[in-house]
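File shown: coords-v1.cif (mmCIF, C-alpha atoms and all ligand atoms).
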data_target
#
loop_
_atom_site.group_PDB
_atom_site.id
_atom_site.type_symbol
_atom_site.label_atom_id
_atom_site.label_comp_id
_atom_site.auth_asym_id
_atom_site.auth_seq_id
_atom_site.Cartn_x
_atom_site.Cartn_y
_atom_site.Cartn_z
ATOM 1 C CA MET A 1187 185.449 156.481 124.277
ATOM 2 C CA ASN A 1188 185.022 160.155 125.070
ATOM 3 C CA SER A 1189 185.974 161.622 128.418
ATOM 4 C CA ARG A 1190 182.363 161.880 129.457
ATOM 5 C CA THR A 1191 181.727 158.185 128.909
ATOM 6 C CA SER A 1192 184.932 157.215 130.650
ATOM 7 C CA ARG A 1193 184.035 159.427 133.618
ATOM 8 C CA LEU A 1194 180.634 157.761 133.857
ATOM 9 C CA LEU A 1195 182.250 154.337 133.720
ATOM 10 C CA LEU A 1196 184.593 155.408 136.488
ATOM 11 C CA VAL A 1197 181.660 156.484 138.614
ATOM 12 C CA LEU A 1198 179.901 153.173 137.969
ATOM 13 C CA GLY A 1199 183.094 151.263 138.654
ATOM 14 C CA ALA A 1200 183.621 153.082 141.938
ATOM 15 C CA PHE A 1201 180.097 152.210 143.035
ATOM 16 C CA VAL A 1202 180.324 148.516 142.120
ATOM 17 C CA GLY A 1203 183.836 148.363 143.591
ATOM 18 C CA GLY A 1204 182.526 149.924 146.798
ATOM 19 C CA LEU A 1205 179.766 147.349 147.075
ATOM 20 C CA ALA A 1206 182.225 144.509 146.451
ATOM 21 C CA LEU A 1207 184.559 145.888 149.129
ATOM 22 C CA PHE A 1208 181.647 146.168 151.507
ATOM 23 C CA ALA A 1209 180.737 142.514 150.870
ATOM 24 C CA VAL A 1210 184.368 141.446 151.364
ATOM 25 C CA ALA A 1211 184.593 143.461 154.593
ATOM 26 C CA VAL A 1212 181.467 141.795 155.963
ATOM 27 C CA PHE A 1213 182.909 138.426 154.998
ATOM 28 C CA VAL A 1214 186.262 139.139 156.644
ATOM 29 C CA PHE A 1215 184.780 140.529 159.864
ATOM 30 C CA THR A 1216 182.089 137.920 160.344
ATOM 31 C CA GLY A 1217 183.582 134.955 158.521
ATOM 32 C CA ARG A 1218 180.421 134.359 156.553
ATOM 33 C CA THR A 1219 178.965 135.694 153.346
ATOM 34 C CA PRO A 1220 176.789 138.730 153.967
ATOM 35 C CA GLY A 1221 173.137 137.920 154.345
ATOM 36 C CA SER A 1222 170.664 139.900 152.321
ATOM 37 C CA MET A 1223 169.916 142.110 155.311
ATOM 38 C CA THR A 1224 173.368 143.678 155.497
ATOM 39 C CA LEU A 1225 173.582 144.544 151.801
ATOM 40 C CA GLN A 1226 169.972 145.682 151.794
ATOM 41 C CA SER A 1227 170.528 148.149 154.573
ATOM 42 C CA ALA A 1228 173.636 149.629 152.918
ATOM 43 C CA ILE A 1229 171.581 151.522 150.326
ATOM 44 C CA GLY A 1230 168.480 153.640 150.712
ATOM 45 C CA GLY A 1231 166.858 155.224 153.734
ATOM 46 C CA PRO A 1232 164.712 158.112 154.837
ATOM 47 C CA PHE A 1233 164.225 161.208 152.689
ATOM 48 C CA LYS A 1234 162.040 164.322 152.769
ATOM 49 C CA LEU A 1235 161.713 165.891 149.328
ATOM 50 C CA VAL A 1236 159.099 167.324 146.955
ATOM 51 C CA ASP A 1237 157.606 165.914 143.757
ATOM 52 C CA GLN A 1238 157.026 167.613 140.402
ATOM 53 C CA ASN A 1239 153.794 169.083 141.732
ATOM 54 C CA ALA A 1240 155.694 170.628 144.671
ATOM 55 C CA LYS A 1241 153.955 168.180 147.042
ATOM 56 C CA PRO A 1242 156.020 166.649 149.866
ATOM 57 C CA ILE A 1243 157.254 163.114 149.196
ATOM 58 C CA THR A 1244 159.054 160.929 151.735
ATOM 59 C CA ASP A 1245 160.321 157.370 152.035
ATOM 60 C CA GLN A 1246 157.155 156.639 154.047
ATOM 61 C CA ASP A 1247 155.054 157.309 150.931
ATOM 62 C CA MET A 1248 156.987 154.525 149.171
ATOM 63 C CA LYS A 1249 155.875 151.819 151.633
ATOM 64 C CA GLY A 1250 153.787 148.980 150.224
ATOM 65 C CA LYS A 1251 154.962 149.083 146.621
ATOM 66 C CA PRO A 1252 158.296 148.210 145.036
ATOM 67 C CA PHE A 1253 160.014 151.178 143.435
ATOM 68 C CA LEU A 1254 162.793 152.154 141.073
ATOM 69 C CA VAL A 1255 165.106 155.060 141.872
ATOM 70 C CA PHE A 1256 167.205 156.873 139.334
ATOM 71 C CA PHE A 1257 169.290 159.978 140.053
ATOM 72 C CA GLY A 1258 169.884 162.490 137.275
ATOM 73 C CA PHE A 1259 169.166 166.000 136.018
ATOM 74 C CA THR A 1260 167.080 167.554 133.290
ATOM 75 C CA HIS A 1261 170.012 169.224 131.498
ATOM 76 C CA CYS A 1262 171.675 165.837 131.010
ATOM 77 C CA PRO A 1263 172.598 165.396 127.347
ATOM 78 C CA ASP A 1264 172.385 161.618 127.026
ATOM 79 C CA VAL A 1265 172.369 159.190 129.955
ATOM 80 C CA CYS A 1266 169.294 160.533 131.751
ATOM 81 C CA PRO A 1267 166.966 160.860 128.747
ATOM 82 C CA THR A 1268 168.024 157.395 127.541
ATOM 83 C CA THR A 1269 167.427 155.837 130.964
ATOM 84 C CA LEU A 1270 164.079 157.583 131.443
ATOM 85 C CA PHE A 1271 163.043 156.381 128.001
ATOM 86 C CA GLU A 1272 164.009 152.809 128.921
ATOM 87 C CA ILE A 1273 162.149 153.009 132.246
ATOM 88 C CA SER A 1274 159.128 154.367 130.357
ATOM 89 C CA GLU A 1275 159.220 151.321 128.066
ATOM 90 C CA VAL A 1276 159.235 149.005 131.090
ATOM 91 C CA LEU A 1277 156.301 150.871 132.656
ATOM 92 C CA ARG A 1278 154.422 150.568 129.387
ATOM 93 C CA ALA A 1279 155.198 146.833 129.276
ATOM 94 C CA LEU A 1280 153.698 146.510 132.778
ATOM 95 C CA GLY A 1281 150.346 147.703 131.433
ATOM 96 C CA PRO A 1282 147.758 148.301 134.183
ATOM 97 C CA GLN A 1283 150.228 146.964 136.784
ATOM 98 C CA ALA A 1284 152.374 150.065 136.299
ATOM 99 C CA LYS A 1285 150.258 151.652 139.025
ATOM 100 C CA ASP A 1286 151.504 149.015 141.480
ATOM 101 C CA ILE A 1287 155.110 150.143 141.305
ATOM 102 C CA ARG A 1288 156.730 153.570 141.491
ATOM 103 C CA ALA A 1289 159.604 155.050 139.546
ATOM 104 C CA LEU A 1290 161.439 158.038 141.020
ATOM 105 C CA PHE A 1291 163.681 160.399 139.094
ATOM 106 C CA ILE A 1292 165.595 162.287 141.811
ATOM 107 C CA SER A 1293 167.438 165.412 140.693
ATOM 108 C CA VAL A 1294 171.124 165.831 141.490
ATOM 109 C CA ASP A 1295 170.797 169.422 140.232
ATOM 110 C CA PRO A 1296 168.147 170.979 142.503
ATOM 111 C CA GLU A 1297 169.490 174.453 141.693
ATOM 112 C CA ARG A 1298 168.007 174.235 138.187
ATOM 113 C CA ASP A 1299 165.520 171.383 138.593
ATOM 114 C CA THR A 1300 162.568 173.023 140.298
ATOM 115 C CA PRO A 1301 159.310 171.059 140.509
ATOM 116 C CA ALA A 1302 157.989 172.995 137.496
ATOM 117 C CA VAL A 1303 161.094 172.226 135.412
ATOM 118 C CA LEU A 1304 160.826 168.528 136.336
ATOM 119 C CA LYS A 1305 157.142 168.448 135.490
ATOM 120 C CA ASP A 1306 157.739 169.941 132.073
ATOM 121 C CA TYR A 1307 160.689 167.608 131.404
ATOM 122 C CA LEU A 1308 158.820 164.458 132.454
ATOM 123 C CA SER A 1309 155.917 165.225 130.138
ATOM 124 C CA SER A 1310 158.057 163.578 127.419
ATOM 125 C CA PHE A 1311 158.104 160.267 129.324
ATOM 126 C CA ASP A 1312 155.720 157.748 130.886
ATOM 127 C CA PRO A 1313 153.199 159.540 133.141
ATOM 128 C CA HIS A 1314 153.927 157.135 136.018
ATOM 129 C CA LEU A 1315 157.412 158.618 136.496
ATOM 130 C CA ILE A 1316 157.692 160.784 139.592
ATOM 131 C CA GLY A 1317 160.096 163.740 139.495
ATOM 132 C CA VAL A 1318 161.732 164.494 142.837
ATOM 133 C CA THR A 1319 163.728 167.492 144.002
ATOM 134 C CA GLY A 1320 164.347 169.480 147.178
ATOM 135 C CA ASP A 1321 166.737 171.894 148.799
ATOM 136 C CA ALA A 1322 170.488 171.313 148.478
ATOM 137 C CA ALA A 1323 170.807 169.764 151.951
ATOM 138 C CA ALA A 1324 167.909 167.333 151.438
ATOM 139 C CA ILE A 1325 169.296 166.260 148.059
ATOM 140 C CA ALA A 1326 172.795 165.816 149.516
ATOM 141 C CA SER A 1327 171.285 163.621 152.214
ATOM 142 C CA VAL A 1328 169.368 161.350 149.808
ATOM 143 C CA GLU A 1329 172.470 161.085 147.583
ATOM 144 C CA LYS A 1330 174.399 159.906 150.605
ATOM 145 C CA ALA A 1331 171.720 157.387 151.562
ATOM 146 C CA TYR A 1332 171.818 155.862 148.070
ATOM 147 C CA ARG A 1333 175.605 156.163 147.816
ATOM 148 C CA VAL A 1334 175.254 158.343 144.765
ATOM 149 C CA TYR A 1335 178.169 160.292 143.390
ATOM 150 C CA ALA A 1336 177.202 163.655 141.862
ATOM 151 C CA LYS A 1337 179.484 166.535 141.035
ATOM 152 C CA LYS A 1338 179.153 169.854 139.232
ATOM 153 C CA VAL A 1339 181.496 170.194 136.239
ATOM 154 C CA PRO A 1340 181.942 173.688 134.743
ATOM 155 C CA LEU A 1341 181.482 173.914 130.984
ATOM 156 C CA GLU A 1342 183.685 175.937 128.669
ATOM 157 C CA GLY A 1343 181.858 179.151 127.863
ATOM 158 C CA GLY A 1344 179.861 179.131 131.094
ATOM 159 C CA GLY A 1345 177.261 177.024 132.771
ATOM 160 C CA TYR A 1346 177.836 173.556 134.118
ATOM 161 C CA THR A 1347 176.942 169.940 133.708
ATOM 162 C CA MET A 1348 176.773 167.181 136.314
ATOM 163 C CA ASP A 1349 178.723 163.965 136.614
ATOM 164 C CA HIS A 1350 176.572 161.436 138.404
ATOM 165 C CA THR A 1351 176.008 157.789 139.242
ATOM 166 C CA ALA A 1352 173.704 156.383 136.592
ATOM 167 C CA LEU A 1353 172.495 153.200 138.281
ATOM 168 C CA VAL A 1354 168.812 152.385 138.576
ATOM 169 C CA TYR A 1355 168.034 150.946 142.013
ATOM 170 C CA LEU A 1356 165.305 148.381 142.553
ATOM 171 C CA MET A 1357 163.845 148.761 146.035
ATOM 172 C CA ASP A 1358 161.289 146.381 147.556
ATOM 173 C CA LYS A 1359 157.956 147.156 149.247
ATOM 174 C CA GLU A 1360 159.700 147.840 152.553
ATOM 175 C CA GLY A 1361 162.156 150.266 150.971
ATOM 176 C CA HIS A 1362 165.093 147.858 151.074
ATOM 177 C CA PHE A 1363 167.561 147.793 148.220
ATOM 178 C CA VAL A 1364 167.226 144.637 146.108
ATOM 179 C CA THR A 1365 169.584 145.013 143.149
ATOM 180 C CA PRO A 1366 170.750 147.438 140.471
ATOM 181 C CA PHE A 1367 167.986 147.217 137.865
ATOM 182 C CA ASN A 1368 169.066 146.097 134.415
ATOM 183 C CA LEU A 1369 167.421 148.051 131.585
ATOM 184 C CA LYS A 1370 169.595 146.625 128.823
ATOM 185 C CA ARG A 1371 167.105 143.902 127.902
ATOM 186 C CA ARG A 1372 163.636 143.647 126.417
ATOM 187 C CA PRO A 1373 161.125 145.799 128.356
ATOM 188 C CA GLN A 1374 158.928 142.690 128.831
ATOM 189 C CA GLU A 1375 161.776 140.873 130.583
ATOM 190 C CA ALA A 1376 162.491 143.827 132.855
ATOM 191 C CA ALA A 1377 158.758 144.142 133.606
ATOM 192 C CA ALA A 1378 158.608 140.430 134.485
ATOM 193 C CA GLU A 1379 161.374 140.949 137.064
ATOM 194 C CA LEU A 1380 159.482 143.867 138.636
ATOM 195 C CA LYS A 1381 156.306 141.791 138.905
ATOM 196 C CA ARG A 1382 158.139 139.344 141.161
ATOM 197 C CA TYR A 1383 158.354 142.077 143.829
ATOM 198 C CA LEU A 1384 154.715 143.174 143.739
HETATM 199 CU CU CU A 1401 172.382 162.176 133.422
#

Using the file provided, produce a representation of the structure as structure tokens.
Ligand SMILES: [Cu+2]
Amino acid sequence: MNSRTSRLLLVLGAFVGGLALFAVAVFVFTGRTPGSMTLQSAIGGPFKLVDQNAKPITDQDMKGKPFLVFFGFTHCPDVCPTTLFEISEVLRALGPQAKDIRALFISVDPERDTPAVLKDYLSSFDPHLIGVTGDAAAIASVEKAYRVYAKKVPLEGGGYTMDHTALVYLMDKEGHFVTPFNLKRRPQEAAAELKRYL
């Protein structure tokens, strides 16, 4: 396993560990297993950003349709393109119903990922994908809301890459977190799960 992969696993582990701790804490403090409401409200929330056409996009625009959220950056060498490809396959498997859900790719690298850069990058993937960016403060705030870890890592010889949480979040019509969305299965199966939240 290279250091990059192990770092990503660490990030994933920290996230899952954090959720488990949260669930345990709720259990200890209240003496009952957390209801869906408490876990749902732990992830997600308001945001004010812009899409790949430089149009404003907020959490209010997400109301009424379930949506997927994935945080990443266009310079990502492997995880992001793979994930966006997998999401594209699921959207394709949804057929005409792809218009009834939304899939957001939120940049953790707003310095380089301008709307124009996102638009160009996403032209390689399913057209239903929505690229999202914003100023540093707005991105930091949405990362916090989704409990996303993202950190700049300098590269030898200049430039930088980003370490980041690589989970895909499934959110329901009301914008509540449902579950991390599993893409490691047949696109038809993943699409069938999404249809249950329409
Ligand atoms: Cu990435």

Counting all atoms listed in the file, name the residues that have an atom within 10 Å of an atom of ligand CU 1401 (chain A); the answer should be given as a PDB file with C-alpha atoms, in the coordinates of the input.
ATOM      1  CA  LEU A1194     180.634 157.761 133.857  1.00  0.00           C
ATOM      2  CA  PHE A1256     167.205 156.873 139.334  1.00  0.00           C
ATOM      3  CA  PHE A1257     169.290 159.978 140.053  1.00  0.00           C
ATOM      4  CA  GLY A1258     169.884 162.490 137.275  1.00  0.00           C
ATOM      5  CA  PHE A1259     169.166 166.000 136.018  1.00  0.00           C
ATOM      6  CA  THR A1260     167.080 167.554 133.290  1.00  0.00           C
ATOM      7  CA  HIS A1261     170.012 169.224 131.498  1.00  0.00           C
ATOM      8  CA  CYS A1262     171.675 165.837 131.010  1.00  0.00           C
ATOM      9  CA  PRO A1263     172.598 165.396 127.347  1.00  0.00           C
ATOM     10  CA  ASP A1264     172.385 161.618 127.026  1.00  0.00           C
ATOM     11  CA  VAL A1265     172.369 159.190 129.955  1.00  0.00           C
ATOM     12  CA  CYS A1266     169.294 160.533 131.751  1.00  0.00           C
ATOM     13  CA  PRO A1267     166.966 160.860 128.747  1.00  0.00           C
ATOM     14  CA  THR A1268     168.024 157.395 127.541  1.00  0.00           C
ATOM     15  CA  THR A1269     167.427 155.837 130.964  1.00  0.00           C
ATOM     16  CA  LEU A1270     164.079 157.583 131.443  1.00  0.00           C
ATOM     17  CA  SER A1293     167.438 165.412 140.693  1.00  0.00           C
ATOM     18  CA  VAL A1294     171.124 165.831 141.490  1.00  0.00           C
ATOM     19  CA  ALA A1336     177.202 163.655 141.862  1.00  0.00           C
ATOM     20  CA  THR A1347     176.942 169.940 133.708  1.00  0.00           C
ATOM     21  CA  MET A1348     176.773 167.181 136.314  1.00  0.00           C
ATOM     22  CA  ASP A1349     178.723 163.965 136.614  1.00  0.00           C
ATOM     23  CA  HIS A1350     176.572 161.436 138.404  1.00  0.00           C
ATOM     24  CA  THR A1351     176.008 157.789 139.242  1.00  0.00           C
ATOM     25  CA  ALA A1352     173.704 156.383 136.592  1.00  0.00           C
TER      26      ALA A1352
END

Would you list the residues near (165.7, 144.0, 133.4), meaning any protein, DNA or RNA residue with an atom at most 12 Å from that point in file coordinates, counting all atoms listed in the file, as an mmCIF file with C-alpha atoms, in the frame of the given file?
data_model
loop_
_atom_site.group_PDB
_atom_site.id
_atom_site.type_symbol
_atom_site.label_atom_id
_atom_site.label_comp_id
_atom_site.auth_asym_id
_atom_site.auth_seq_id
_atom_site.Cartn_x
_atom_site.Cartn_y
_atom_site.Cartn_z
ATOM 1 C CA LEU A 1254 162.793 152.154 141.073
ATOM 2 C CA GLU A 1272 164.009 152.809 128.921
ATOM 3 C CA ILE A 1273 162.149 153.009 132.246
ATOM 4 C CA GLU A 1275 159.220 151.321 128.066
ATOM 5 C CA VAL A 1276 159.235 149.005 131.090
ATOM 6 C CA LEU A 1277 156.301 150.871 132.656
ATOM 7 C CA ALA A 1279 155.198 146.833 129.276
ATOM 8 C CA VAL A 1354 168.812 152.385 138.576
ATOM 9 C CA TYR A 1355 168.034 150.946 142.013
ATOM 10 C CA LEU A 1356 165.305 148.381 142.553
ATOM 11 C CA THR A 1365 169.584 145.013 143.149
ATOM 12 C CA PRO A 1366 170.750 147.438 140.471
ATOM 13 C CA PHE A 1367 167.986 147.217 137.865
ATOM 14 C CA ASN A 1368 169.066 146.097 134.415
ATOM 15 C CA LEU A 1369 167.421 148.051 131.585
ATOM 16 C CA LYS A 1370 169.595 146.625 128.823
ATOM 17 C CA ARG A 1371 167.105 143.902 127.902
ATOM 18 C CA ARG A 1372 163.636 143.647 126.417
ATOM 19 C CA PRO A 1373 161.125 145.799 128.356
ATOM 20 C CA GLN A 1374 158.928 142.690 128.831
ATOM 21 C CA GLU A 1375 161.776 140.873 130.583
ATOM 22 C CA ALA A 1376 162.491 143.827 132.855
ATOM 23 C CA ALA A 1377 158.758 144.142 133.606
ATOM 24 C CA ALA A 1378 158.608 140.430 134.485
ATOM 25 C CA GLU A 1379 161.374 140.949 137.064
ATOM 26 C CA LEU A 1380 159.482 143.867 138.636
ATOM 27 C CA LYS A 1381 156.306 141.791 138.905
ATOM 28 C CA ARG A 1382 158.139 139.344 141.161
#

Pairwise distance for atom CA of A:Phe1253 and atom CA of A:Phe1233, rounded to one decimal in Å:
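Result for atom CA of A:Phe1253 versus atom CA of A:Phe1233: 14.3 Å, one decimal.
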
Considering all atoms listed in the file, can you say which of A:Lys1241, A:Arg1298, A:Arg1288, A:His1362 comes closest to A:Tyr1332?
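For A:Tyr1332, the nearest of the given residues is A:His1362.
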
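Nearest residue to A:Asp1321, choosing from A:Pro1340, A:Pro1242, A:Pro1282, A:Pro1296 and counting all atoms listed in the file: A:Pro1296.
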
Selected residue of minimal separation from A:Leu1315 among A:Asn1239, A:Thr1300, A:Ser1227, A:Ser1274, counting all atoms listed in the file
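Looking only at the distances to A:Leu1315, the closest residue turns out to be A:Ser1274.
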
Students should find that atom CA of A:Asp1286 and atom CA of A:Asp1312 are spaced 14.4 Å

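Between atom CA of A:Gly1231 and atom CA of A:Val1328 the interatomic distance comes to 7.7 Å.
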
For each of A:Ile1229, A:Ile1316, A:Met1357, A:Val1334, take the minimum atom-to-atom distance to A:Gly1250, counting only C-alpha atoms, then give the residue where this is smallest.
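Ranked by minimum distance to A:Gly1250, first place goes to A:Met1357.
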
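Each of A:Leu1353, A:Phe1363, A:Gly1281, A:Val1236 was checked against A:Lys1305 using only C-alpha atoms; the smallest atom-to-atom distance is that of A:Val1236.
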
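Across the chains present, the PyMOL selection byres (((chain A and resi 1234) around 8) and not hetatm) applied to this file returns Pro1232, Phe1233, Leu1235, Val1236, Pro1242, Ile1243, Thr1244, Asp1245, Gly1320 and Ala1324 of chain A.
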
Mind dumping the selected residues with C-alpha atoms as a compact mmCIF listing (two decimals), in the frame of the given file?
# COMPACT_ATOMS: atom_id res chain seq x y z
CA PRO A 1232 164.71 158.11 154.84
CA PHE A 1233 164.22 161.21 152.69
CA LEU A 1235 161.71 165.89 149.33
CA VAL A 1236 159.10 167.32 146.96
CA PRO A 1242 156.02 166.65 149.87
CA ILE A 1243 157.25 163.11 149.20
CA THR A 1244 159.05 160.93 151.74
CA ASP A 1245 160.32 157.37 152.04
CA GLY A 1320 164.35 169.48 147.18
CA ALA A 1324 167.91 167.33 151.44

Would you please work out which residue, of A:Phe1271, A:Arg1278, A:Lys1359, A:Ala1228, is nearest to A:Leu1308 when using only C-alpha atoms?
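Once distances to A:Leu1308 are computed over only C-alpha atoms, the minimum belongs to A:Phe1271.
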